[in-house]
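This is model.txt (compact mmCIF, C-alpha atoms).
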# COMPACT_ATOMS: atom_id res chain seq x y z
CA MET A 113 99.45 243.15 117.97
CA ALA A 114 100.00 240.25 120.37
CA LYS A 115 102.40 237.58 119.29
CA PRO A 116 100.83 234.15 118.78
CA SER A 117 101.47 231.88 121.71
CA SER A 118 103.74 228.92 121.11
CA PRO A 119 102.05 225.52 121.05
CA PRO A 120 102.22 223.51 124.27
CA THR A 121 105.08 221.04 124.59
CA LEU A 122 104.14 217.56 123.43
CA ILE A 123 105.89 214.71 125.23
CA THR A 124 105.73 211.36 123.49
CA SER A 125 106.35 208.30 125.65
CA MET A 126 107.54 204.90 124.39
CA ILE A 127 106.84 203.06 127.62
CA ALA A 128 106.79 199.36 126.89
CA PRO A 129 106.75 196.60 124.27
CA ALA A 130 103.30 195.86 122.89
CA GLN A 131 103.52 192.38 124.41
CA VAL A 132 105.89 190.74 126.90
CA MET A 133 105.96 186.95 127.29
CA ARG A 134 108.19 185.43 129.95
CA GLY A 135 108.68 182.04 131.50
CA GLN A 136 110.53 178.77 131.16
CA GLY A 137 110.37 177.58 127.56
CA ALA A 138 108.81 180.91 126.59
CA ILE A 139 110.02 180.79 122.96
CA ALA A 140 108.04 177.64 122.22
CA GLN A 141 104.99 179.00 124.00
CA ALA A 142 105.21 182.28 122.05
CA ALA A 143 105.03 180.56 118.65
CA GLU A 144 101.55 181.88 117.84
CA ALA A 145 102.47 185.44 118.81
CA ILE A 146 105.60 185.29 116.63
CA ALA A 147 103.66 183.97 113.63
CA GLN A 148 101.12 186.80 113.90
CA LEU A 149 103.81 189.32 112.93
CA GLY A 150 104.62 187.90 109.48
CA ARG A 151 105.68 184.98 107.33
CA ARG A 152 109.30 185.77 106.42
CA PRO A 153 111.41 186.67 109.45
CA VAL A 154 115.09 187.55 109.44
CA VAL A 155 116.81 186.50 112.67
CA ILE A 156 119.57 188.94 113.66
CA GLY A 157 122.25 188.11 116.22
CA GLY A 158 125.90 187.22 116.68
CA ASP A 159 127.32 184.06 115.12
CA ARG A 160 127.46 182.10 118.40
CA THR A 161 124.04 183.31 119.51
CA LEU A 162 122.40 182.40 116.23
CA LYS A 163 123.82 178.88 116.49
CA GLY A 164 122.66 178.52 120.08
CA VAL A 165 119.11 179.78 119.59
CA ARG A 166 118.50 177.99 116.29
CA PRO A 167 117.20 174.75 117.90
CA ARG A 168 114.65 176.78 119.88
CA LEU A 169 113.36 178.83 116.94
CA GLN A 170 113.32 176.22 114.16
CA PRO A 171 110.36 174.27 115.64
CA VAL A 172 108.42 177.55 115.81
CA PHE A 173 109.16 178.29 112.15
CA LYS A 174 108.28 174.75 111.10
CA LYS A 175 105.03 174.69 113.07
CA HIS A 176 103.75 177.86 111.40
CA SER A 177 105.44 177.40 107.98
CA LEU A 178 107.57 180.51 108.35
CA SER A 179 110.39 181.08 105.86
CA ALA A 180 113.26 182.37 107.98
CA THR A 181 116.82 183.43 107.32
CA GLU A 182 119.65 184.51 109.59
CA ALA A 183 121.94 187.54 109.50
CA SER A 184 124.91 188.25 111.75
CA TYR A 185 125.30 191.82 112.97
CA GLY A 186 129.06 191.36 113.30
CA ALA A 187 130.91 192.75 116.32
CA ASP A 188 129.09 196.05 116.86
CA CYS A 189 125.94 197.95 116.02
CA SER A 190 127.74 200.17 113.51
CA GLU A 191 126.77 202.01 110.34
CA ALA A 192 128.49 199.37 108.21
CA SER A 193 126.75 196.56 110.10
CA LEU A 194 123.36 198.22 109.70
CA ALA A 195 123.90 198.60 105.95
CA LYS A 196 124.64 194.86 105.62
CA LEU A 197 121.56 193.99 107.65
CA ARG A 198 119.34 196.19 105.48
CA GLU A 199 120.70 194.36 102.44
CA ALA A 200 119.97 190.97 104.03
CA ILE A 201 116.40 192.07 104.80
CA ALA A 202 115.86 193.23 101.22
CA GLN A 203 117.32 190.05 99.70
CA HIS A 204 115.09 187.84 101.81
CA GLY A 205 112.00 189.98 101.37
CA ALA A 206 111.60 189.88 105.14
CA ASP A 207 108.38 191.12 106.68
CA PHE A 208 109.54 191.16 110.31
CA VAL A 209 112.74 191.01 112.37
CA ILE A 210 113.69 188.78 115.29
CA GLY A 211 116.61 190.10 117.33
CA VAL A 212 118.43 187.64 119.59
CA GLY A 213 121.42 188.21 121.85
CA GLY A 214 122.85 190.89 124.11
CA GLY A 215 122.66 194.65 124.01
CA LYS A 216 124.53 195.34 120.77
CA ALA A 217 122.71 192.61 118.82
CA LEU A 218 119.33 193.81 120.04
CA ASP A 219 120.21 197.46 119.37
CA ALA A 220 121.18 196.56 115.80
CA ALA A 221 117.99 194.54 115.27
CA LYS A 222 115.76 197.28 116.69
CA LEU A 223 117.40 200.02 114.67
CA VAL A 224 117.39 198.16 111.36
CA ALA A 225 113.75 197.17 111.93
CA HIS A 226 112.95 200.86 112.36
CA GLN A 227 114.95 201.80 109.26
CA THR A 228 113.06 199.23 107.17
CA SER A 229 109.64 199.85 108.81
CA LEU A 230 109.28 196.25 110.01
CA PRO A 231 107.89 194.76 113.25
CA ILE A 232 110.49 193.57 115.74
CA VAL A 233 110.66 190.67 118.22
CA THR A 234 113.42 190.85 120.83
CA ILE A 235 114.75 187.72 122.55
CA PRO A 236 117.47 188.47 125.12
CA THR A 237 119.95 185.67 125.68
CA SER A 238 121.23 187.00 129.01
CA GLY A 239 120.28 189.37 131.81
CA ALA A 240 123.05 191.80 130.85
CA THR A 241 120.94 194.80 129.73
CA CYS A 242 117.42 196.13 129.27
CA ALA A 243 117.97 196.56 125.51
CA ALA A 244 115.20 194.04 124.74
CA TRP A 245 112.68 196.48 126.22
CA THR A 246 113.73 199.97 125.21
CA ALA A 247 113.02 202.30 122.29
CA LEU A 248 116.69 203.19 121.99
CA SER A 249 119.73 201.93 120.10
CA ASN A 250 123.40 202.78 120.64
CA VAL A 251 125.62 203.07 117.57
CA TYR A 252 129.35 202.31 117.72
CA SER A 253 132.28 202.77 115.37
CA GLU A 254 133.81 199.80 113.57
CA ALA A 255 136.50 199.92 116.27
CA GLY A 256 133.91 199.54 119.05
CA ALA A 257 133.84 203.15 120.28
CA PHE A 258 130.47 204.62 121.28
CA LEU A 259 129.34 207.28 118.81
CA TYR A 260 125.70 208.22 119.46
CA ASP A 261 122.30 206.85 120.40
CA VAL A 262 119.10 206.82 118.39
CA GLY A 263 115.67 207.23 119.92
CA LEU A 264 113.15 204.93 118.25
CA PRO A 265 109.45 205.71 117.69
CA ARG A 266 108.25 202.67 119.62
CA CYS A 267 109.35 199.81 121.83
CA PRO A 268 109.50 196.29 120.34
CA ASP A 269 106.30 194.62 119.20
CA LEU A 270 107.06 191.48 121.20
CA LEU A 271 109.62 190.71 123.91
CA ILE A 272 110.21 187.06 124.78
CA LEU A 273 112.12 186.42 128.01
CA ASP A 274 112.88 182.70 128.07
CA TYR A 275 114.45 181.84 131.42
CA ASP A 276 115.79 178.55 130.08
CA LEU A 277 117.68 180.42 127.36
CA VAL A 278 118.96 183.13 129.70
CA GLN A 279 120.20 180.51 132.14
CA THR A 280 122.61 179.22 129.48
CA ALA A 281 124.51 182.53 129.57
CA ALA A 282 127.67 182.98 131.62
CA PRO A 283 126.95 184.20 135.19
CA ARG A 284 129.16 187.21 134.46
CA THR A 285 126.49 188.58 132.11
CA LEU A 286 123.90 188.79 134.89
CA VAL A 287 126.44 190.43 137.20
CA ALA A 288 127.01 193.04 134.48
CA GLY A 289 123.26 193.47 134.11
CA ILE A 290 123.00 194.16 137.83
CA GLY A 291 125.62 196.88 137.45
CA ASP A 292 123.81 198.43 134.50
CA ALA A 293 120.40 198.30 136.19
CA ILE A 294 121.41 199.65 139.58
CA ALA A 295 122.77 202.75 137.82
CA LYS A 296 119.15 203.75 137.12
CA TRP A 297 118.79 205.03 140.68
CA TYR A 298 122.07 206.89 140.91
CA GLU A 299 121.53 208.58 137.55
CA ALA A 300 117.76 209.12 137.45
CA SER A 301 117.73 210.65 140.91
CA VAL A 302 120.27 213.25 139.76
CA SER A 303 118.59 214.09 136.45
CA SER A 304 114.99 213.98 137.71
CA GLY A 305 115.02 213.57 141.48
CA HIS A 306 113.75 217.11 142.10
CA SER A 307 110.99 216.98 139.48
CA GLU A 308 107.37 217.39 140.54
CA ARG A 309 106.02 215.82 137.32
CA THR A 310 104.03 212.65 137.87
CA PHE A 311 105.82 210.35 135.41
CA LEU A 312 109.26 211.50 136.48
CA ILE A 313 108.41 210.96 140.15
CA ALA A 314 107.21 207.47 139.22
CA ALA A 315 110.39 206.71 137.25
CA VAL A 316 112.69 207.83 140.06
CA GLN A 317 110.76 205.88 142.67
CA GLN A 318 110.79 202.76 140.49
CA ALA A 319 114.55 203.22 140.22
CA ARG A 320 114.71 203.20 144.01
CA VAL A 321 112.65 199.98 144.08
CA LEU A 322 114.95 198.43 141.47
CA ARG A 323 118.01 199.33 143.53
CA ASP A 324 116.50 197.80 146.66
CA ILE A 325 115.59 194.56 144.87
CA LEU A 326 119.13 194.22 143.55
CA PHE A 327 120.73 194.92 146.91
CA GLN A 328 118.48 192.37 148.57
CA LYS A 329 118.42 189.55 146.01
CA SER A 330 121.51 189.65 143.78
CA ALA A 331 123.88 187.56 145.89
CA GLU A 332 121.32 184.80 146.42
CA ALA A 333 120.31 184.86 142.75
CA LEU A 334 123.89 184.33 141.65
CA ARG A 335 124.23 181.41 144.05
CA SER A 336 121.08 179.71 142.72
CA PRO A 337 120.66 180.09 138.93
CA GLY A 338 117.16 179.24 137.74
CA SER A 339 115.55 179.78 141.15
CA ASP A 340 112.65 182.13 141.80
CA THR A 341 115.11 184.66 143.23
CA TRP A 342 117.28 184.38 140.13
CA GLN A 343 114.21 184.97 137.95
CA ASP A 344 113.35 188.03 140.05
CA VAL A 345 116.79 189.52 139.40
CA VAL A 346 116.60 188.72 135.68
CA ASP A 347 113.20 190.43 135.59
CA ALA A 348 114.80 193.40 137.33
CA THR A 349 117.71 193.78 134.90
CA VAL A 350 115.82 193.07 131.67
CA LEU A 351 112.30 194.32 132.39
CA LEU A 352 112.08 196.69 135.34
CA ALA A 353 115.14 198.65 134.22
CA GLY A 354 113.37 199.11 130.89
CA VAL A 355 110.17 200.22 132.60
CA ILE A 356 112.06 203.07 134.28
CA GLY A 357 113.45 204.33 130.99
CA GLY A 358 110.03 203.98 129.37
CA ILE A 359 108.18 205.95 132.04
CA GLY A 360 110.90 208.55 132.49
CA GLY A 361 111.71 208.91 128.82
CA ALA A 362 114.08 211.57 127.53
CA GLN A 363 113.44 213.65 130.65
CA CYS A 364 114.93 210.94 132.87
CA ARG A 365 118.31 210.42 131.28
CA THR A 366 121.58 208.80 132.12
CA VAL A 367 124.19 210.98 133.80
CA ALA A 368 127.85 210.35 134.64
CA ALA A 369 127.92 206.54 134.95
CA HIS A 370 126.98 205.98 131.31
CA ALA A 371 129.11 208.93 130.19
CA VAL A 372 132.12 207.22 131.77
CA HIS A 373 131.18 204.01 129.94
CA ASN A 374 131.03 205.91 126.65
CA GLY A 375 134.44 207.43 127.23
CA LEU A 376 136.02 204.09 128.14
CA THR A 377 134.77 202.47 124.91
CA HIS A 378 137.25 204.72 123.07
CA LEU A 379 140.09 202.75 124.69
CA PRO A 380 140.60 199.43 122.86
CA GLN A 381 141.83 197.87 126.12
CA SER A 382 138.29 198.21 127.53
CA HIS A 383 136.64 196.06 124.88
CA GLY A 384 137.13 192.87 126.90
CA THR A 385 134.69 194.12 129.53
CA LEU A 386 130.91 194.22 129.35
CA HIS A 387 128.69 197.29 129.11
CA GLY A 388 127.31 196.89 132.62
CA GLU A 389 130.76 196.39 134.11
CA LYS A 390 131.91 199.75 132.77
CA VAL A 391 128.66 201.40 133.87
CA ALA A 392 129.01 199.98 137.40
CA TYR A 393 132.49 201.46 137.65
CA GLY A 394 131.01 204.70 136.31
CA ILE A 395 128.59 204.88 139.24
CA LEU A 396 131.53 204.94 141.63
CA VAL A 397 133.13 207.67 139.56
CA GLN A 398 129.92 209.71 139.66
CA LEU A 399 129.68 209.42 143.44
CA ARG A 400 133.36 210.29 143.75
CA LEU A 401 132.75 213.46 141.74
CA GLU A 402 129.94 214.39 144.14
CA GLU A 403 132.34 213.96 147.04
CA MET A 404 135.24 215.85 145.51
CA VAL A 405 133.42 218.77 143.91
CA GLN A 406 130.52 219.17 146.32
CA GLY A 407 131.99 217.75 149.50
CA ASN A 408 128.95 215.48 149.59
CA ARG A 409 129.14 213.21 152.63
CA LEU A 410 126.16 211.05 151.67
CA ALA A 411 127.75 210.36 148.29
CA SER A 412 130.79 209.01 150.10
CA SER A 413 128.65 206.74 152.27
CA ALA A 414 126.74 205.53 149.22
CA ARG A 415 130.03 204.77 147.46
CA GLN A 416 131.32 202.76 150.42
CA GLN A 417 128.08 200.76 150.43
CA LEU A 418 128.41 200.06 146.71
CA LEU A 419 132.05 199.03 147.07
CA GLN A 420 131.02 196.30 149.49
CA PHE A 421 128.16 195.22 147.25
CA TYR A 422 130.46 195.08 144.23
CA ASP A 423 132.96 193.03 146.17
CA ASP A 424 130.23 190.58 147.16
CA ILE A 425 128.96 189.92 143.62
CA GLY A 426 132.07 190.54 141.51
CA LEU A 427 131.60 193.96 139.88
CA PRO A 428 134.70 196.04 139.04
CA ARG A 429 135.69 198.76 141.49
CA THR A 430 138.79 200.23 139.83
CA LEU A 431 140.40 200.77 136.44
CA GLY A 432 142.60 197.79 137.23
CA ASP A 433 139.53 195.59 137.68
CA LEU A 434 138.48 196.64 134.17
CA GLY A 435 141.85 195.59 132.78
CA LEU A 436 142.89 199.22 132.42
CA GLY A 437 145.49 199.40 135.15
CA ASP A 438 148.33 199.95 132.67
CA ILE A 439 146.81 202.66 130.48
CA THR A 440 148.76 205.89 130.07
CA ILE A 441 147.79 209.32 131.36
CA ALA A 442 147.17 210.36 127.77
CA GLN A 443 144.75 207.48 127.25
CA LEU A 444 142.93 208.24 130.48
CA GLN A 445 142.68 211.87 129.46
CA HIS A 446 141.26 210.91 126.07
CA ALA A 447 138.53 208.82 127.72
CA ALA A 448 137.77 211.69 130.12
CA GLU A 449 137.55 214.21 127.29
CA VAL A 450 135.11 212.00 125.39
CA ALA A 451 133.01 211.59 128.55
CA CYS A 452 133.03 215.37 129.08
CA ALA A 453 132.19 216.36 125.49
CA ASP A 454 129.70 219.21 125.14
CA HIS A 455 126.75 216.92 124.40
CA SER A 456 127.57 214.41 127.14
CA ASP A 457 124.99 213.49 129.78
CA ILE A 458 127.68 214.01 132.42
CA HIS A 459 126.68 217.67 132.35
CA ARG A 460 123.36 216.73 133.94
CA LEU A 461 125.24 216.68 137.23
CA PRO A 462 124.28 219.75 139.31
CA PHE A 463 127.82 221.12 139.08
CA ALA A 464 130.40 221.66 136.35
CA VAL A 465 132.78 218.80 135.58
CA THR A 466 136.04 219.07 133.67
CA PRO A 467 138.22 216.25 132.30
CA ALA A 468 140.67 216.97 135.12
CA HIS A 469 137.95 216.43 137.73
CA LEU A 470 136.89 213.24 136.00
CA MET A 471 140.41 211.84 135.78
CA ALA A 472 140.91 212.46 139.49
CA ALA A 473 137.65 210.63 140.26
CA MET A 474 138.46 207.74 137.92
CA VAL A 475 141.69 206.90 139.72
CA SER A 476 140.25 207.18 143.24
CA THR A 477 137.03 205.15 143.21
CA THR A 478 138.09 203.12 146.27
CA ALA A 479 139.39 206.06 148.30
CA PRO A 480 138.41 205.99 152.00
CA ILE A 481 136.01 208.56 153.36
CA ALA A 482 137.88 211.84 153.55
CA ASP A 483 138.71 213.25 157.00
CA SER A 484 138.41 216.84 155.82
CA TRP A 485 135.52 217.53 153.46
CA ALA A 486 136.49 221.16 152.95
CA GLN A 487 140.00 220.15 151.90
CA GLU A 488 138.61 217.49 149.55
CA ALA A 489 136.29 219.94 147.84
CA ALA A 490 138.97 222.59 147.63
CA THR A 491 141.39 220.17 145.98
CA ALA A 492 138.83 219.34 143.28
CA ARG A 493 138.02 222.99 142.70
CA ASN A 494 141.69 223.81 142.20
CA LEU A 495 142.01 221.24 139.41
CA ASP A 496 140.85 223.83 136.89
CA ASP A 497 141.40 226.96 139.03
CA ALA A 498 137.71 227.76 138.74
CA ASP A 499 135.80 229.58 141.45
CA ARG A 500 132.80 227.57 142.62
CA ALA A 501 129.95 228.19 144.97
CA PRO A 502 130.01 226.50 148.37
CA ALA A 503 128.99 222.87 148.35
CA GLN A 504 125.26 222.44 147.90
CA PRO A 505 123.08 220.23 150.08
CA SER A 506 123.20 216.60 149.10
CA HIS A 507 120.85 215.65 146.29
CA PRO A 508 118.78 212.53 145.69
CA SER A 509 121.48 210.42 144.05
CA SER A 510 123.11 210.08 147.44
CA PHE A 511 120.10 208.90 149.43
CA LEU A 512 121.02 205.71 151.24
CA LEU A 513 119.09 202.53 151.73
CA PRO A 514 117.71 201.88 155.18
CA PRO A 515 120.02 199.62 157.22
CA VAL A 516 120.73 196.55 155.14
CA SER A 517 118.45 193.69 156.07
CA ALA A 518 119.65 190.41 157.52
CA GLU A 519 118.81 188.80 154.19
CA VAL A 520 121.36 191.02 152.45
CA SER A 521 124.07 190.81 155.09
CA GLU A 522 124.01 187.04 154.92
With the file now loaded, output its structure as structure tokens.
Amino acid sequence: MAKPSSPPTLITSMIAPAQVMRGQGAIAQAAEAIAQLGRRPVVIGGDRTLKGVRPRLQPVFKKHSLSATEASYGADCSEASLAKLREAIAQHGADFVIGVGGGKALDAAKLVAHQTSLPIVTIPTSGATCAAWTALSNVYSEAGAFLYDVGLPRCPDLLILDYDLVQTAAPRTLVAGIGDAIAKWYEASVSSGHSERTFLIAAVQQARVLRDILFQKSAEALRSPGSDTWQDVVDATVLLAGVIGGIGGAQCRTVAAHAVHNGLTHLPQSHGTLHGEKVAYGILVQLRLEEMVQGNRLASSARQQLLQFYDDIGLPRTLGDLGLGDITIAQLQHAAEVACADHSDIHRLPFAVTPAHLMAAMVSTTAPIADSWAQEAATARNLDDADRAPAQPSHPSSFLLPPVSAEVSE
């Protein structure tokens, strides 16, 4: 008797928020859309953010007779924080959530909205991440160490990108957002660059477009806050980066750059740096691994190009730039072991990585191009005395931009 065939794989995509409204003064213009979601919102954010956004939201609440309350998520999107937010929602009898702030605030708001089955509005206050867009929340310990992420069943119901509000953020936040967003190319091309599936091809190619936009426009955007070019870069970090994750989904995951970030969060000394700053450093580490383990020449060239770009806009290039220049070997090893845990996305690299490999890459992100590729690869292989196959042909993460345009070089 023939065995019953297994059902076909069902892939569910959470591609985009139901509605995206963006522009100068967008919060005021979105009043009607906000009011359509309910009558009793709870506004979730950090203490400073709640104070800063209050004058922009109160006229909306007054105009539509909404009964709103505020709840601080604390310092991290943690289990304890989420429990307090659920209690605040219950006490207020809230019928929808408004999340305001950066990545952790928005992650907390999205996750607690899911846990309480409420609609969610996201209002980013900087260009630091694409958290306002995505159906994903990261959960941290009370000490600020990354623990796990949670996939959500849908993207936010409404995303409001108010350029006037974002422009009040420190320029450093947009620089960090550039670092976080540009990682989409270097990671997606590794995890999905060889796929022949339509959506994955689209996600990888959009990641390439995102990278090109950031290379071409970031420096000018940072020189001219509020300009059209600045708005283009904010759109890239907040919106287009989210599009890539939405189209690619779980099949187009992060790889080593975010794994390095996750490991570094377990070092208290790293908590003074932003998510995107650690991710940007992680890209250099990923490329360095490709050089050392594979002998990948294109990865080295890509790393040298990024080092110059980072220098131009102020992204960290070394552990010292992250304020971690004085950590001990034991602390570095702990971060590397967390990044290399069995479930880590670092294992989406097309070669095996050990904590020893990772530590060597983490302390040599600014190394010059090696004179002897065979010697470089052999050194990395000897770190764990493992036999490895000869270096494979370079893979998509190392594809270079065409010669940098005059616009960029200026």
Point to revise | Distance criterion (only C-alpha atoms): nearest to Gly263 of chain A out of A:Leu379, A:Ala180, A:Leu223, A:Ala187 | key: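 Of A:Leu379, A:Ala180, A:Leu223, A:Ala187, the one nearest Gly263 of chain A is A:Leu223, counting only C-alpha atoms.
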Give as a PDB file with C-alpha atoms, keeping the file's coordinate frame every residue, naming chains and numbers as the document does, that has an atom within 6 Å of (134.4, 210.8, 148.1), counting only C-alpha atoms.
ATOM      1  CA  ARG A 400     133.360 210.290 143.750  1.00  0.00           C
ATOM      2  CA  GLU A 403     132.340 213.960 147.040  1.00  0.00           C
ATOM      3  CA  MET A 404     135.240 215.850 145.510  1.00  0.00           C
ATOM      4  CA  SER A 412     130.790 209.010 150.100  1.00  0.00           C
ATOM      5  CA  ILE A 481     136.010 208.560 153.360  1.00  0.00           C
TER       6      ILE A 481
END
Hey, could you make a per-residue contact list for segment 210-239 of chain A against segment 282-293 of chain A with 10 Å as the cut-off, showing the nearest pair of atoms and its distance in Å to one decimal, counting all atoms listed in the file, sorted by chain and number, as a tab-separated table?
residue	atom	partner	partner_atom	distance
A:Gly214	CA	A:Thr285	CA	9.1
A:Thr237	CA	A:Thr285	CA	9.6
A:Ser238	CA	A:Thr285	CA	6.3
A:Gly239	CA	A:Leu286	CA	4.8
Review point. Neighbours of segment 158-164 of chain A within 10 Å (all atoms listed in the file; same-chain residues fewer than 3 positions away dropped), as a PyMOL selection string?
Key: chain A and resi 155+167-169+182-188+211-214+216-218+237+277+280
Check your understanding: Contacts of Glu144 of chain A at 12 Å or less, counting all atoms listed in the file, minus same-chain residues fewer than 2 places along, as a ChimeraX atom specification?
Key -> /A:133,138-142,146-151,171-178,270
Write out the residues from the selection above, keeping C-alpha atoms, as a CSV table (one decimal), in the frame of the given file.
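Written output follows (selection-v4.csv):
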chain,number,residue,atom,x,y,z
A,133,MET,CA,106.0,187.0,127.3
A,138,ALA,CA,108.8,180.9,126.6
A,139,ILE,CA,110.0,180.8,123.0
A,140,ALA,CA,108.0,177.6,122.2
A,141,GLN,CA,105.0,179.0,124.0
A,142,ALA,CA,105.2,182.3,122.0
A,146,ILE,CA,105.6,185.3,116.6
A,147,ALA,CA,103.7,184.0,113.6
A,148,GLN,CA,101.1,186.8,113.9
A,149,LEU,CA,103.8,189.3,112.9
A,150,GLY,CA,104.6,187.9,109.5
A,151,ARG,CA,105.7,185.0,107.3
A,171,PRO,CA,110.4,174.3,115.6
A,172,VAL,CA,108.4,177.6,115.8
A,173,PHE,CA,109.2,178.3,112.2
A,174,LYS,CA,108.3,174.8,111.1
A,175,LYS,CA,105.0,174.7,113.1
A,176,HIS,CA,103.8,177.9,111.4
A,177,SER,CA,105.4,177.4,108.0
A,178,LEU,CA,107.6,180.5,108.4
A,270,LEU,CA,107.1,191.5,121.2
Practice item. For each of A:His373, A:Cys189, A:Ser330, A:Asp324, take the minimum atom-to-atom distance to Val262 of chain A, counting all atoms listed in the file, then give the residue where this is smallest. Key: A:Cys189
Practice item. Have a look at atom CA of Arg309 of chain A and atom CA of Asp457 of chain A and let me know their distance in Å, one decimal. Key: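 Taking atom CA of Arg309 of chain A as the start and atom CA of Asp457 of chain A as the end point, the length is 20.5 Å.
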Practice item. For Gln363 of chain A, list every protein, DNA or RNA residue within 8 Å, evaluated using only C-alpha atoms, and leave out those in the same chain fewer than 4 positions away; present the list as a list in words. Key: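 Within the cut-off, the hits are Ser303, Ser304 and Leu312 of chain A.
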C-alpha atoms of the current selection, written as a PDB file, in the coordinates of the input:
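Saved as result_31.pdb:
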ATOM      1  CA  SER A 303     118.590 214.090 136.450  1.00  0.00           C
ATOM      2  CA  SER A 304     114.990 213.980 137.710  1.00  0.00           C
ATOM      3  CA  LEU A 312     109.260 211.500 136.480  1.00  0.00           C
TER       4      LEU A 312
END
Exercise for review: Between atom CA of Glu254 of chain A and atom CA of Leu431 of chain A, measure the distance and give it in Å to one decimal.
Suggested key: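 Those two atoms sit 23.8 Å apart.
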Any chance you could export segment 217-232 of chain A with N, CA and C atoms, as a PDB file, in the first residue's frame?
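Saved file result03.pdb follows:
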ATOM      1  N   ALA A 217      11.596  49.674  21.464  1.00  0.00           N
ATOM      2  CA  ALA A 217      10.258  50.144  21.809  1.00  0.00           C
ATOM      3  C   ALA A 217       9.228  49.584  20.835  1.00  0.00           C
ATOM      4  N   LEU A 218       9.543  49.631  19.552  1.00  0.00           N
ATOM      5  CA  LEU A 218       8.603  49.141  18.547  1.00  0.00           C
ATOM      6  C   LEU A 218       8.451  47.629  18.621  1.00  0.00           C
ATOM      7  N   ASP A 219       9.549  46.917  18.903  1.00  0.00           N
ATOM      8  CA  ASP A 219       9.457  45.467  19.074  1.00  0.00           C
ATOM      9  C   ASP A 219       8.547  45.118  20.242  1.00  0.00           C
ATOM     10  N   ALA A 220       8.691  45.843  21.356  1.00  0.00           N
ATOM     11  CA  ALA A 220       7.841  45.593  22.518  1.00  0.00           C
ATOM     12  C   ALA A 220       6.379  45.886  22.196  1.00  0.00           C
ATOM     13  N   ALA A 221       6.119  46.997  21.523  1.00  0.00           N
ATOM     14  CA  ALA A 221       4.742  47.359  21.181  1.00  0.00           C
ATOM     15  C   ALA A 221       4.117  46.341  20.235  1.00  0.00           C
ATOM     16  N   LYS A 222       4.878  45.916  19.222  1.00  0.00           N
ATOM     17  CA  LYS A 222       4.346  44.926  18.269  1.00  0.00           C
ATOM     18  C   LYS A 222       4.044  43.606  18.953  1.00  0.00           C
ATOM     19  N   LEU A 223       4.970  43.164  19.805  1.00  0.00           N
ATOM     20  CA  LEU A 223       4.800  41.861  20.433  1.00  0.00           C
ATOM     21  C   LEU A 223       3.650  41.866  21.430  1.00  0.00           C
ATOM     22  N   VAL A 224       3.533  42.916  22.229  1.00  0.00           N
ATOM     23  CA  VAL A 224       2.445  42.951  23.197  1.00  0.00           C
ATOM     24  C   VAL A 224       1.101  43.138  22.493  1.00  0.00           C
ATOM     25  N   ALA A 225       1.075  43.832  21.367  1.00  0.00           N
ATOM     26  CA  ALA A 225      -0.161  43.937  20.587  1.00  0.00           C
ATOM     27  C   ALA A 225      -0.585  42.563  20.080  1.00  0.00           C
ATOM     28  N   HIS A 226       0.387  41.779  19.633  1.00  0.00           N
ATOM     29  CA  HIS A 226       0.085  40.409  19.197  1.00  0.00           C
ATOM     30  C   HIS A 226      -0.421  39.569  20.369  1.00  0.00           C
ATOM     31  N   GLN A 227       0.239  39.679  21.510  1.00  0.00           N
ATOM     32  CA  GLN A 227      -0.148  38.871  22.671  1.00  0.00           C
ATOM     33  C   GLN A 227      -1.540  39.211  23.185  1.00  0.00           C
ATOM     34  N   THR A 228      -1.993  40.444  22.962  1.00  0.00           N
ATOM     35  CA  THR A 228      -3.307  40.877  23.431  1.00  0.00           C
ATOM     36  C   THR A 228      -4.322  40.988  22.292  1.00  0.00           C
ATOM     37  N   SER A 229      -3.927  40.551  21.090  1.00  0.00           N
ATOM     38  CA  SER A 229      -4.820  40.530  19.911  1.00  0.00           C
ATOM     39  C   SER A 229      -5.385  41.910  19.586  1.00  0.00           C
ATOM     40  N   LEU A 230      -4.510  42.928  19.610  1.00  0.00           N
ATOM     41  CA  LEU A 230      -4.933  44.289  19.312  1.00  0.00           C
ATOM     42  C   LEU A 230      -4.249  44.812  18.050  1.00  0.00           C
ATOM     43  N   PRO A 231      -4.892  45.742  17.342  1.00  0.00           N
ATOM     44  CA  PRO A 231      -4.236  46.406  16.207  1.00  0.00           C
ATOM     45  C   PRO A 231      -3.045  47.223  16.696  1.00  0.00           C
ATOM     46  N   ILE A 232      -2.115  47.484  15.793  1.00  0.00           N
ATOM     47  CA  ILE A 232      -0.886  48.186  16.172  1.00  0.00           C
ATOM     48  C   ILE A 232      -0.526  49.250  15.148  1.00  0.00           C
TER      49      ILE A 232
END
